[in-house]
>>> print(open('model_27.tsv').read())   # TSV, C-alpha atoms
chain	number	residue	atom	x	y	z
A	1	MET	CA	145.30	81.89	62.73
A	2	GLU	CA	142.78	83.04	60.11
A	3	LEU	CA	139.85	82.08	62.36
A	4	ILE	CA	141.32	84.09	65.25
A	5	GLN	CA	141.83	87.09	62.97
A	6	VAL	CA	138.25	86.82	61.70
A	7	LEU	CA	136.93	86.72	65.29
A	8	PHE	CA	139.13	89.67	66.20
A	9	TRP	CA	137.92	91.93	63.39
A	10	LEU	CA	134.34	90.74	63.79
A	11	GLY	CA	134.58	91.76	67.43
A	12	ILE	CA	135.98	95.17	66.51
A	13	ALA	CA	133.15	95.67	64.02
A	14	VAL	CA	130.39	94.64	66.46
A	15	ILE	CA	131.76	96.83	69.28
A	16	PHE	CA	132.15	99.87	67.04
A	17	TYR	CA	128.73	99.39	65.46
A	18	ALA	CA	126.90	98.84	68.76
A	19	TYR	CA	128.27	101.94	70.48
A	20	PHE	CA	129.06	104.36	67.64
A	21	GLY	CA	128.33	102.99	64.18
A	22	TYR	CA	124.61	102.57	64.69
A	23	GLY	CA	124.32	106.16	65.85
A	24	LEU	CA	126.05	107.38	62.70
A	25	LEU	CA	123.99	105.10	60.46
A	26	ILE	CA	120.60	106.02	61.94
A	27	TYR	CA	121.52	109.71	61.73
A	28	PHE	CA	122.29	109.29	58.02
A	29	LEU	CA	119.05	107.34	57.44
A	30	VAL	CA	116.97	110.01	59.18
A	31	ARG	CA	118.59	112.76	57.09
A	32	LEU	CA	117.87	110.72	53.96
A	33	LYS	CA	114.24	110.22	55.02
A	34	ARG	CA	113.81	113.95	55.54
A	35	MET	CA	115.11	114.60	52.03
A	36	VAL	CA	112.82	112.02	50.43
A	37	VAL	CA	109.54	112.34	52.36
A	38	GLY	CA	110.04	115.55	54.34
A	39	THR	CA	108.93	116.04	57.93
A	40	THR	CA	105.45	115.57	59.38
A	41	ALA	CA	103.75	118.61	60.91
A	42	MET	CA	102.71	118.00	64.50
A	43	GLN	CA	99.24	118.96	65.70
A	44	GLU	CA	99.44	121.82	68.22
A	45	ALA	CA	97.09	120.31	70.80
A	46	TYR	CA	95.18	117.11	71.39
A	47	GLU	CA	93.90	116.49	74.90
A	48	PRO	CA	92.20	113.13	75.45
A	49	ASP	CA	91.14	111.92	78.89
A	50	VAL	CA	94.22	110.76	80.81
A	51	THR	CA	94.90	108.68	83.90
A	52	PHE	CA	98.25	109.58	85.46
A	53	ILE	CA	99.60	106.63	87.49
A	54	ILE	CA	102.57	106.88	89.87
A	55	PRO	CA	103.63	103.56	91.43
A	56	CYS	CA	105.80	104.07	94.51
A	57	TYR	CA	107.38	102.02	97.26
A	58	ASN	CA	108.42	103.54	100.61
A	59	GLU	CA	108.83	107.06	99.24
A	60	ALA	CA	106.86	109.01	101.85
A	61	ASP	CA	109.69	111.51	102.28
A	62	ILE	CA	109.37	112.78	98.70
A	63	LEU	CA	105.66	112.26	98.01
A	64	GLU	CA	104.64	115.79	99.06
A	65	GLN	CA	106.99	117.23	96.42
A	66	LYS	CA	105.76	114.77	93.79
A	67	VAL	CA	102.11	115.54	94.55
A	68	LYS	CA	102.65	119.30	94.31
A	69	ASN	CA	104.44	118.86	91.00
A	70	THR	CA	101.66	116.59	89.70
A	71	LEU	CA	98.83	118.92	90.76
A	72	ALA	CA	100.61	121.82	89.05
A	73	LEU	CA	100.61	120.10	85.66
A	74	ASN	CA	98.98	122.24	82.98
A	75	TYR	CA	96.30	119.83	81.75
A	76	PRO	CA	92.48	120.21	81.88
A	77	LYS	CA	91.44	119.05	85.36
A	78	ASP	CA	88.23	117.48	84.07
A	79	LYS	CA	90.29	115.28	81.74
A	80	LEU	CA	92.96	114.19	84.22
A	81	GLN	CA	92.66	111.40	86.79
A	82	ILE	CA	95.58	111.00	89.22
A	83	MET	CA	96.36	107.68	90.85
A	84	PHE	CA	99.18	106.70	93.24
A	85	VAL	CA	99.86	103.04	93.96
A	86	THR	CA	101.68	102.40	97.26
A	87	ASP	CA	101.55	98.59	97.35
A	88	GLY	CA	103.91	97.07	99.90
A	89	SER	CA	104.91	100.44	101.41
A	90	THR	CA	105.45	100.42	105.17
A	91	ASP	CA	106.50	104.05	105.71
A	92	GLY	CA	103.09	105.72	105.80
A	93	SER	CA	102.99	106.64	102.10
A	94	GLU	CA	99.27	105.90	101.96
A	95	GLN	CA	98.52	108.33	104.79
A	96	VAL	CA	100.60	111.10	103.18
A	97	LEU	CA	98.53	110.87	100.00
A	98	GLN	CA	95.04	110.44	101.43
A	99	LYS	CA	94.70	114.11	102.39
A	100	TYR	CA	94.64	115.11	98.71
A	101	ALA	CA	91.07	114.95	97.40
A	102	ARG	CA	92.05	114.84	93.72
A	103	ILE	CA	94.24	111.78	94.15
A	104	LYS	CA	93.02	108.19	94.10
A	105	VAL	CA	95.23	106.03	96.32
A	106	LEU	CA	95.57	102.28	95.86
A	107	HIS	CA	97.28	100.35	98.62
A	108	ASP	CA	97.82	96.68	99.23
A	109	ASP	CA	100.07	95.29	101.96
A	110	ARG	CA	101.43	92.73	99.51
A	111	ARG	CA	104.70	93.79	97.89
A	112	ALA	CA	104.75	92.20	94.45
A	113	GLY	CA	106.68	94.77	92.42
A	114	LYS	CA	105.96	97.55	89.98
A	115	SER	CA	104.49	95.34	87.24
A	116	ALA	CA	101.92	93.89	89.64
A	117	ALA	CA	101.11	97.41	90.89
A	118	VAL	CA	100.55	98.67	87.34
A	119	ASN	CA	98.40	95.64	86.48
A	120	ARG	CA	96.21	96.36	89.50
A	121	ALA	CA	95.95	100.07	88.75
A	122	MET	CA	94.91	99.42	85.15
A	123	LYS	CA	91.70	97.75	86.39
A	124	TYR	CA	90.52	101.15	87.61
A	125	VAL	CA	91.37	103.08	84.43
A	126	GLU	CA	88.44	104.47	82.43
A	127	THR	CA	90.33	106.95	80.22
A	128	SER	CA	91.64	106.38	76.70
A	129	VAL	CA	95.27	107.20	77.57
A	130	VAL	CA	97.45	106.23	80.53
A	131	VAL	CA	100.64	108.00	81.65
A	132	LEU	CA	103.13	106.32	83.99
A	133	SER	CA	105.78	108.20	85.96
A	134	ASP	CA	108.20	107.50	88.80
A	135	ALA	CA	107.80	109.14	92.18
A	136	ASN	CA	111.40	110.41	92.23
A	137	THR	CA	111.03	112.59	89.13
A	138	ILE	CA	109.85	116.12	88.50
A	139	LEU	CA	107.96	117.08	85.32
A	140	PRO	CA	107.63	120.46	83.59
A	141	PRO	CA	104.08	121.94	83.64
A	142	ASP	CA	103.29	121.16	79.98
A	143	ALA	CA	104.63	117.58	79.98
A	144	LEU	CA	101.27	115.83	79.58
A	145	GLY	CA	100.16	118.05	76.70
A	146	HIS	CA	103.38	117.34	74.83
A	147	LEU	CA	102.78	113.61	75.26
A	148	THR	CA	99.11	113.52	74.30
A	149	LYS	CA	99.38	115.61	71.10
A	150	HIS	CA	100.95	112.56	69.41
A	151	TYR	CA	97.73	110.55	69.86
A	152	ALA	CA	96.05	112.61	67.17
A	153	ASP	CA	97.88	110.18	64.88
A	154	PRO	CA	95.99	106.84	65.01
A	155	ASN	CA	99.23	104.96	64.20
A	156	ILE	CA	100.82	106.03	67.48
A	157	GLY	CA	100.16	103.54	70.25
A	158	ALA	CA	102.55	104.86	72.91
A	159	VAL	CA	104.62	107.96	73.58
A	160	SER	CA	107.77	108.15	75.68
A	161	GLY	CA	109.07	111.23	77.38
A	162	GLU	CA	112.74	111.99	77.89
A	163	LYS	CA	114.77	111.13	80.95
A	164	ARG	CA	117.11	113.88	82.09
A	165	VAL	CA	119.74	113.31	84.74
A	166	LEU	CA	120.76	116.48	86.53
A	167	SER	CA	124.50	116.93	86.70
A	168	SER	CA	126.93	119.29	88.39
A	169	ASP	CA	130.63	120.04	88.46
A	170	VAL	CA	131.09	117.91	91.57
A	171	ASP	CA	129.33	114.79	90.29
A	172	SER	CA	130.59	111.37	91.25
A	173	ALA	CA	131.62	108.88	88.58
A	174	ALA	CA	128.04	107.58	88.68
A	175	GLY	CA	126.57	111.02	88.09
A	176	ALA	CA	128.97	112.07	85.36
A	177	GLY	CA	128.73	108.75	83.53
A	178	GLU	CA	124.96	108.43	83.85
A	179	GLY	CA	124.40	112.00	82.66
A	180	LEU	CA	126.61	111.59	79.58
A	181	TYR	CA	125.11	108.18	78.78
A	182	TRP	CA	121.55	109.55	78.84
A	183	LYS	CA	122.41	112.51	76.62
A	184	TYR	CA	123.68	110.09	73.96
A	185	GLU	CA	120.82	107.66	74.58
A	186	SER	CA	118.26	110.47	74.21
A	187	LEU	CA	119.73	111.40	70.84
A	188	LEU	CA	119.46	107.79	69.65
A	189	LYS	CA	115.87	107.56	70.88
A	190	LYS	CA	114.95	110.70	68.97
A	191	LEU	CA	116.52	109.32	65.78
A	192	ASP	CA	114.91	105.88	66.21
A	193	ALA	CA	111.46	107.41	66.58
A	194	GLU	CA	111.88	109.69	63.58
A	195	PHE	CA	113.18	106.90	61.37
A	196	TYR	CA	110.46	104.39	62.33
A	197	THR	CA	109.62	103.80	66.00
A	198	LEU	CA	111.13	104.02	69.44
A	199	VAL	CA	112.41	100.65	70.70
A	200	GLY	CA	111.91	100.91	74.44
A	201	ALA	CA	110.33	103.75	76.41
A	202	ALA	CA	111.75	105.58	79.42
A	203	GLY	CA	109.95	104.36	82.53
A	204	GLU	CA	110.37	107.78	84.17
A	205	LEU	CA	107.63	109.09	81.85
A	206	VAL	CA	105.76	106.88	79.37
A	207	SER	CA	102.20	106.87	78.03
A	208	PHE	CA	100.10	104.46	75.97
A	209	ARG	CA	96.60	103.87	74.65
A	210	THR	CA	94.63	102.04	77.32
A	211	ASP	CA	93.14	99.50	74.94
A	212	LEU	CA	96.63	98.40	73.84
A	213	TYR	CA	97.77	97.44	77.33
A	214	THR	CA	98.59	93.77	77.81
A	215	GLU	CA	98.92	92.58	81.39
A	216	LEU	CA	102.53	92.23	82.46
A	217	GLU	CA	103.90	89.10	84.07
A	218	GLU	CA	104.46	89.89	87.76
A	219	ASP	CA	108.14	88.98	87.51
A	220	THR	CA	108.72	91.53	84.73
A	221	ILE	CA	111.83	93.60	85.48
A	222	LEU	CA	111.78	96.22	82.70
A	223	ASP	CA	108.06	96.90	82.68
A	224	ASP	CA	108.35	100.12	80.64
A	225	PHE	CA	110.51	98.46	77.99
A	226	ILE	CA	108.31	95.38	77.53
A	227	LEU	CA	105.07	97.39	77.77
A	228	SER	CA	106.07	99.76	74.95
A	229	LEU	CA	107.42	97.03	72.68
A	230	ARG	CA	104.29	94.95	73.10
A	231	VAL	CA	102.43	97.96	71.74
A	232	VAL	CA	104.78	97.81	68.73
A	233	GLU	CA	104.09	94.08	68.37
A	234	GLN	CA	100.43	95.00	67.84
A	235	GLY	CA	101.33	97.06	64.78
A	236	TYR	CA	101.56	100.54	66.35
A	237	LYS	CA	104.50	102.92	66.70
A	238	VAL	CA	106.04	104.46	69.80
A	239	ALA	CA	106.73	108.19	69.51
A	240	TYR	CA	109.40	110.12	71.39
A	241	GLU	CA	108.76	113.55	72.87
A	242	PRO	CA	111.82	115.36	74.30
A	243	MET	CA	109.71	118.32	75.45
A	244	ALA	CA	107.98	116.00	77.92
A	245	TYR	CA	110.90	115.27	80.17
A	246	ALA	CA	111.28	113.75	83.61
A	247	MET	CA	114.12	115.06	85.72
A	248	GLU	CA	115.88	113.07	88.39
A	249	THR	CA	119.16	113.32	90.22
A	250	ALA	CA	121.97	110.86	89.56
A	251	SER	CA	122.62	107.74	91.60
A	252	ALA	CA	124.13	108.56	94.98
A	253	ASN	CA	127.31	106.61	94.28
A	254	VAL	CA	128.89	103.99	92.04
A	255	LYS	CA	127.57	101.11	94.15
A	256	GLU	CA	123.98	102.29	93.68
A	257	GLU	CA	124.48	102.89	89.96
A	258	PHE	CA	126.04	99.45	89.48
A	259	LYS	CA	123.14	97.82	91.33
A	260	ARG	CA	120.72	99.66	89.06
A	261	LYS	CA	122.64	98.66	85.92
A	262	VAL	CA	122.75	94.99	86.90
A	263	ARG	CA	118.98	95.02	87.38
A	264	ILE	CA	118.49	96.68	83.98
A	265	CYS	CA	120.76	94.14	82.27
A	266	ALA	CA	118.98	91.21	83.91
A	267	GLY	CA	115.76	92.77	82.65
A	268	GLY	CA	117.28	93.14	79.20
A	269	TRP	CA	117.97	89.43	78.96
A	270	GLN	CA	114.46	88.70	80.23
A	271	ALA	CA	113.00	91.06	77.62
A	272	MET	CA	114.97	89.46	74.79
A	273	ALA	CA	113.58	86.07	75.84
A	274	ARG	CA	110.00	87.40	75.85
A	275	LEU	CA	110.13	89.53	72.71
A	276	LYS	CA	111.44	86.95	70.26
A	277	SER	CA	109.15	88.15	67.47
A	278	LEU	CA	111.13	91.40	67.26
A	279	LEU	CA	114.20	89.44	66.20
A	280	ASN	CA	112.50	88.29	63.00
A	281	PRO	CA	113.52	90.69	60.18
A	282	PHE	CA	111.07	89.03	57.78
A	283	LYS	CA	108.15	90.18	59.93
A	284	ASP	CA	109.19	93.84	60.20
A	285	PHE	CA	112.69	94.60	58.93
A	286	ARG	CA	112.91	98.20	60.18
A	287	LEU	CA	111.76	97.23	63.66
A	288	SER	CA	114.22	94.32	63.89
A	289	PHE	CA	117.01	96.54	62.54
A	290	GLU	CA	116.44	99.15	65.27
A	291	TYR	CA	115.83	96.66	68.06
A	292	ILE	CA	118.89	94.51	67.35
A	293	SER	CA	121.19	97.45	66.61
A	294	HIS	CA	120.18	99.65	69.54
A	295	ARG	CA	119.31	97.08	72.19
A	296	VAL	CA	120.22	93.47	71.58
A	297	LEU	CA	123.86	94.01	70.63
A	298	ARG	CA	124.52	96.08	73.76
A	299	TRP	CA	123.06	93.37	75.98
A	300	SER	CA	124.76	90.43	74.30
A	301	LEU	CA	127.46	90.39	71.61
A	302	ALA	CA	129.16	93.74	72.23
A	303	PRO	CA	130.11	93.05	75.89
A	304	PHE	CA	131.09	89.48	74.97
A	305	PHE	CA	133.47	90.70	72.26
A	306	LEU	CA	134.86	93.41	74.57
A	307	LEU	CA	135.92	90.63	76.92
A	308	MET	CA	137.16	88.28	74.18
A	309	LEU	CA	139.14	91.05	72.49
A	310	ILE	CA	141.66	91.09	75.34
A	311	PRO	CA	143.05	87.53	74.94
A	312	LEU	CA	142.67	87.72	71.14
A	313	SER	CA	144.71	90.95	71.08
A	314	VAL	CA	147.41	89.46	73.29
A	315	TYR	CA	147.73	86.41	71.06
A	316	LEU	CA	147.80	88.41	67.81
A	317	HIS	CA	150.26	90.89	69.30
A	318	TRP	CA	152.78	88.08	69.84
A	319	ALA	CA	151.95	86.22	66.64
A	320	GLU	CA	151.56	89.11	64.18
A	321	GLY	CA	152.48	92.42	65.83
A	322	GLY	CA	151.81	95.55	63.79
A	323	VAL	CA	148.28	96.92	64.07
A	324	TYR	CA	147.35	94.26	66.62
A	325	SER	CA	150.01	95.60	68.98
A	326	TRP	CA	148.62	99.13	68.65
A	327	ILE	CA	145.08	97.93	69.33
A	328	LEU	CA	146.28	96.00	72.39
A	329	LEU	CA	148.05	99.13	73.63
A	330	ALA	CA	144.87	101.18	73.12
A	331	GLN	CA	142.87	98.67	75.17
A	332	MET	CA	145.45	98.69	77.95
A	333	MET	CA	145.40	102.49	78.07
A	334	PHE	CA	141.59	102.60	78.12
A	335	TYR	CA	141.27	100.13	80.97
A	336	LEU	CA	144.11	101.83	82.83
A	337	LEU	CA	142.13	105.07	82.63
A	338	ALA	CA	139.09	103.17	83.92
A	339	VAL	CA	141.12	101.97	86.93
A	340	VAL	CA	142.36	105.52	87.54
A	341	GLY	CA	138.75	106.74	87.38
A	342	TRP	CA	137.76	104.09	89.92
A	343	TYR	CA	140.65	105.12	92.18
A	344	LEU	CA	139.77	108.81	91.99
A	345	GLU	CA	136.12	108.03	92.71
A	346	ASN	CA	137.09	106.13	95.84
A	347	ARG	CA	139.20	109.13	96.91
A	348	GLN	CA	136.31	111.47	96.03
A	349	ILE	CA	138.48	113.35	93.55
A	350	ARG	CA	136.23	114.68	90.78
A	351	TYR	CA	137.79	114.50	87.31
A	352	LYS	CA	134.99	113.84	84.82
A	353	VAL	CA	137.12	112.90	81.80
A	354	LEU	CA	138.35	109.77	83.57
A	355	PHE	CA	134.85	108.81	84.68
A	356	VAL	CA	133.84	108.03	81.08
A	357	PRO	CA	136.06	104.91	80.61
A	358	PHE	CA	135.26	103.84	84.18
A	359	TYR	CA	131.48	104.13	83.64
A	360	PHE	CA	131.69	102.37	80.26
A	361	THR	CA	133.65	99.48	81.79
A	362	MET	CA	131.28	99.22	84.75
A	363	MET	CA	128.25	99.29	82.43
A	364	ASN	CA	129.55	96.34	80.40
A	365	TYR	CA	130.59	94.41	83.48
A	366	ALA	CA	126.99	94.82	84.67
A	367	VAL	CA	125.82	92.97	81.53
A	368	PHE	CA	127.60	89.80	82.67
A	369	ALA	CA	126.37	90.19	86.26
A	370	GLY	CA	122.84	90.75	84.95
A	371	PHE	CA	123.05	87.70	82.70
A	372	LEU	CA	124.06	85.51	85.65
A	373	ARG	CA	121.14	86.82	87.68
A	374	PHE	CA	118.80	86.14	84.79
A	375	ILE	CA	119.84	82.53	84.21
A	376	LYS	CA	119.84	81.84	87.96
A	377	GLY	CA	116.48	83.54	88.41
A	378	LYS	CA	117.84	85.64	91.26
A	379	GLN	CA	116.66	89.08	90.13
A	380	ASN	CA	113.61	90.00	92.18
A	381	ALA	CA	110.91	91.91	90.30
A	382	ALA	CA	109.95	93.81	93.47
A	383	TRP	CA	111.74	97.08	93.01
A	384	GLU	CA	113.92	98.74	95.59
A	385	ARG	CA	114.16	102.48	95.82
A	386	SER	CA	117.50	103.59	94.39
A	387	LYS	CA	119.52	105.99	96.50
A	388	ARG	CA	119.91	109.27	94.63
A	389	ALA	CA	122.29	112.18	95.11
A	390	ASN	CA	119.32	114.29	96.31
A	391	SER	CA	115.70	113.45	97.08
A	392	LEU	CA	114.04	115.29	94.19
A	393	PRO	CA	115.30	117.83	91.67
A	394	SER	CA	113.71	121.25	91.35
A	395	MET	CA	112.50	122.97	88.21
A	396	SER	CA	115.18	125.60	88.80
A	397	GLY	CA	117.81	122.92	88.21
A	398	GLU	CA	116.57	122.21	84.72
A	399	SER	CA	119.51	123.78	82.95
A	400	GLY	CA	121.90	121.31	84.49
A	401	SER	CA	120.41	118.32	82.68
>>> encode(input="model_27.tsv", output="structure tokens")
Amino acid sequence: MELIQVLFWLGIAVIFYAYFGYGLLIYFLVRLKRMVVGTTAMQEAYEPDVTFIIPCYNEADILEQKVKNTLALNYPKDKLQIMFVTDGSTDGSEQVLQKYARIKVLHDDRRAGKSAAVNRAMKYVETSVVVLSDANTILPPDALGHLTKHYADPNIGAVSGEKRVLSSDVDSAAGAGEGLYWKYESLLKKLDAEFYTLVGAAGELVSFRTDLYTELEEDTILDDFILSLRVVEQGYKVAYEPMAYAMETASANVKEEFKRKVRICAGGWQAMARLKSLLNPFKDFRLSFEYISHRVLRWSLAPFFLLMLIPLSVYLHWAEGGVYSWILLAQMMFYLLAVVGWYLENRQIRYKVLFVPFYFTMMNYAVFAGFLRFIKGKQNAAWERSKRANSLPSMSGESGS
């Protein structure tokens, strides 16, 4: 009985810490750091030479919009090289891009995935800083300047922008859940970076010093995540810049969002296997603290305990009653709300409050599906274009993020 009770309360502690407790703790630590050492003044402008790389696969229908947005970026033209990589595309993406003189287009018929495309593009880079962005995102005009100003600090090896998911009152469960998740995730990223370093960049907009790039394995799933943390492994920090944001619309539906989450979770397990040094607190305690608290627990122990808590609660309800019965009831109510959210989504009835438990449950279920794909080696590194609610957002929709 005592062992079961220990497992039960350990599970409660891990779940609370992974999803809420760490956020509270890192907020307190950042406030304490500000009181002790103050805040660092940021240089107004620093504009090194930049290569802006956009890997894309069969996205000809949105490339015109992406090109116009890219060419409108407010960065010195003599310091900005623009490169699109269309490897594997069969929809005429290469032809759409070739009419723009300022853009260098790389195309190979072989479809090997985003990591292979980035590796190939890096061989043509001659600038000191590289910026990566997705084709299905729109950037504000000053995004690059906000990223590059951080490189005035020689300790900064990479800078991540912020991902913003545009939402509306008629969002699906995928849209409402994804938007809320990224607002919370963005807050944690900001706190992580201020306390010590960001632990995982947003692939929608990420930059790094060219000489710190280490070639990615072609089967890498979370290229942005591994790329940025390998910069950290070299002794540099990853900064976070919310003013450099990439906007995209939400997944078209729950099926698309679940597919995306499973891929991310499979990539999470792959990343944990390849970044073992970050788990060693004796090498860099602050880094391990952030990495384990913010990332590892969400991809491993927290979902496991969420599942185990159900049979443990049932057993302790019958054996002990009291608080265990109330916790079992709370779980039953939460998952009931998740089922109701799923039902309403299938009926296309929009009630955002109920989408939160549904999205949370789906997100943790995706961890187990991703783990199975990882151990079976069935997650293909060649990316597939995710279906979004709309093709590309517009700058006028910024306020809805």
>>> closest_residue(input="model_27.tsv", among="A:Thr249, A:Ser186, A:Asn58, A:Asn280", to="Val165 of chain A", atoms="all atoms listed in the file")
A:Thr249
>>> residues_near_point(input="model_27.tsv", point="(110.5, 103.8, 75.7)", cutoff="8 Å", atoms="all atoms listed in the file", output="list in words")
Val159, Ser160, Gly161, Leu198, Val199, Gly200, Ala201, Ala202, Gly203, Val206, Asp224, Phe225, Ser228, Val238 and Tyr240 of chain A
>>> residues_near_point(input="model_27.tsv", point="(97.3, 101.2, 104.5)", cutoff="9 Å", atoms="only C-alpha atoms", output="NGL selection string")
:A and (86-87 or 89-90 or 92-95 or 106-109)
>>> atom_distance(input="model_27.tsv", atom1="atom CA of Met247 of chain A", atom2="atom CA of Gly370 of chain A")
25.8 Å
>>> closest_residue(input="model_27.tsv", among="A:Leu212, A:Leu180, A:Val231, A:Ala72", to="Ala143 of chain A", atoms="all atoms listed in the file")
A:Ala72
>>> decode(input="model_27.tsv", residues="segment 144-151 of chain A", atoms="all heavy atoms", output="PDB file, in the first residue's frame")
ATOM      1  N   LEU A 144      14.178  40.623 -38.799  1.00  0.00           N
ATOM      2  CA  LEU A 144      15.594  40.259 -38.869  1.00  0.00           C
ATOM      3  C   LEU A 144      16.447  41.160 -37.972  1.00  0.00           C
ATOM      4  O   LEU A 144      17.383  40.694 -37.319  1.00  0.00           O
ATOM      5  CB  LEU A 144      16.098  40.325 -40.312  1.00  0.00           C
ATOM      6  CG  LEU A 144      15.467  39.340 -41.293  1.00  0.00           C
ATOM      7  CD1 LEU A 144      16.176  39.407 -42.641  1.00  0.00           C
ATOM      8  CD2 LEU A 144      15.502  37.915 -40.757  1.00  0.00           C
ATOM      9  N   GLY A 145      16.135  42.442 -37.942  1.00  0.00           N
ATOM     10  CA  GLY A 145      16.888  43.353 -37.085  1.00  0.00           C
ATOM     11  C   GLY A 145      16.747  43.021 -35.617  1.00  0.00           C
ATOM     12  O   GLY A 145      17.716  43.118 -34.845  1.00  0.00           O
ATOM     13  N   HIS A 146      15.553  42.593 -35.223  1.00  0.00           N
ATOM     14  CA  HIS A 146      15.343  42.199 -33.823  1.00  0.00           C
ATOM     15  C   HIS A 146      16.137  40.937 -33.479  1.00  0.00           C
ATOM     16  O   HIS A 146      16.610  40.780 -32.347  1.00  0.00           O
ATOM     17  CB  HIS A 146      13.851  41.978 -33.559  1.00  0.00           C
ATOM     18  CG  HIS A 146      13.059  43.248 -33.449  1.00  0.00           C
ATOM     19  ND1 HIS A 146      13.333  44.207 -32.497  1.00  0.00           N
ATOM     20  CD2 HIS A 146      12.003  43.706 -34.167  1.00  0.00           C
ATOM     21  CE1 HIS A 146      12.475  45.212 -32.628  1.00  0.00           C
ATOM     22  NE2 HIS A 146      11.666  44.940 -33.634  1.00  0.00           N
ATOM     23  N   LEU A 147      16.282  40.047 -34.456  1.00  0.00           N
ATOM     24  CA  LEU A 147      17.084  38.838 -34.222  1.00  0.00           C
ATOM     25  C   LEU A 147      18.566  39.162 -34.114  1.00  0.00           C
ATOM     26  O   LEU A 147      19.256  38.740 -33.182  1.00  0.00           O
ATOM     27  CB  LEU A 147      16.868  37.826 -35.354  1.00  0.00           C
ATOM     28  CG  LEU A 147      15.552  37.067 -35.440  1.00  0.00           C
ATOM     29  CD1 LEU A 147      15.536  36.205 -36.695  1.00  0.00           C
ATOM     30  CD2 LEU A 147      15.326  36.195 -34.210  1.00  0.00           C
ATOM     31  N   THR A 148      19.065  39.920 -35.085  1.00  0.00           N
ATOM     32  CA  THR A 148      20.519  40.103 -35.196  1.00  0.00           C
ATOM     33  C   THR A 148      21.110  40.990 -34.107  1.00  0.00           C
ATOM     34  O   THR A 148      22.308  40.890 -33.818  1.00  0.00           O
ATOM     35  CB  THR A 148      20.891  40.685 -36.569  1.00  0.00           C
ATOM     36  OG1 THR A 148      20.225  41.947 -36.753  1.00  0.00           O
ATOM     37  CG2 THR A 148      20.494  39.732 -37.681  1.00  0.00           C
ATOM     38  N   LYS A 149      20.330  41.856 -33.473  1.00  0.00           N
ATOM     39  CA  LYS A 149      20.881  42.742 -32.441  1.00  0.00           C
ATOM     40  C   LYS A 149      21.480  41.956 -31.277  1.00  0.00           C
ATOM     41  O   LYS A 149      22.381  42.425 -30.598  1.00  0.00           O
ATOM     42  CB  LYS A 149      19.823  43.712 -31.924  1.00  0.00           C
ATOM     43  CG  LYS A 149      18.667  43.068 -31.175  1.00  0.00           C
ATOM     44  CD  LYS A 149      17.601  44.096 -30.801  1.00  0.00           C
ATOM     45  CE  LYS A 149      16.446  43.454 -30.053  1.00  0.00           C
ATOM     46  NZ  LYS A 149      15.360  44.430 -29.754  1.00  0.00           N
ATOM     47  N   HIS A 150      21.001  40.715 -31.078  1.00  0.00           N
ATOM     48  CA  HIS A 150      21.511  39.886 -29.979  1.00  0.00           C
ATOM     49  C   HIS A 150      22.946  39.424 -30.233  1.00  0.00           C
ATOM     50  O   HIS A 150      23.663  39.082 -29.285  1.00  0.00           O
ATOM     51  CB  HIS A 150      20.606  38.669 -29.768  1.00  0.00           C
ATOM     52  CG  HIS A 150      19.257  39.013 -29.210  1.00  0.00           C
ATOM     53  ND1 HIS A 150      19.001  39.070 -27.853  1.00  0.00           N
ATOM     54  CD2 HIS A 150      18.097  39.320 -29.824  1.00  0.00           C
ATOM     55  CE1 HIS A 150      17.735  39.396 -27.660  1.00  0.00           C
ATOM     56  NE2 HIS A 150      17.163  39.546 -28.834  1.00  0.00           N
ATOM     57  N   TYR A 151      23.369  39.396 -31.495  1.00  0.00           N
ATOM     58  CA  TYR A 151      24.707  38.894 -31.810  1.00  0.00           C
ATOM     59  C   TYR A 151      25.819  39.879 -31.472  1.00  0.00           C
ATOM     60  O   TYR A 151      26.999  39.558 -31.622  1.00  0.00           O
ATOM     61  CB  TYR A 151      24.769  38.473 -33.278  1.00  0.00           C
ATOM     62  CG  TYR A 151      23.934  37.248 -33.557  1.00  0.00           C
ATOM     63  CD1 TYR A 151      22.742  37.340 -34.270  1.00  0.00           C
ATOM     64  CD2 TYR A 151      24.317  36.000 -33.069  1.00  0.00           C
ATOM     65  CE1 TYR A 151      21.955  36.222 -34.503  1.00  0.00           C
ATOM     66  CE2 TYR A 151      23.536  34.878 -33.294  1.00  0.00           C
ATOM     67  CZ  TYR A 151      22.355  34.989 -34.009  1.00  0.00           C
ATOM     68  OH  TYR A 151      21.579  33.878 -34.221  1.00  0.00           O
TER      69      TYR A 151
END
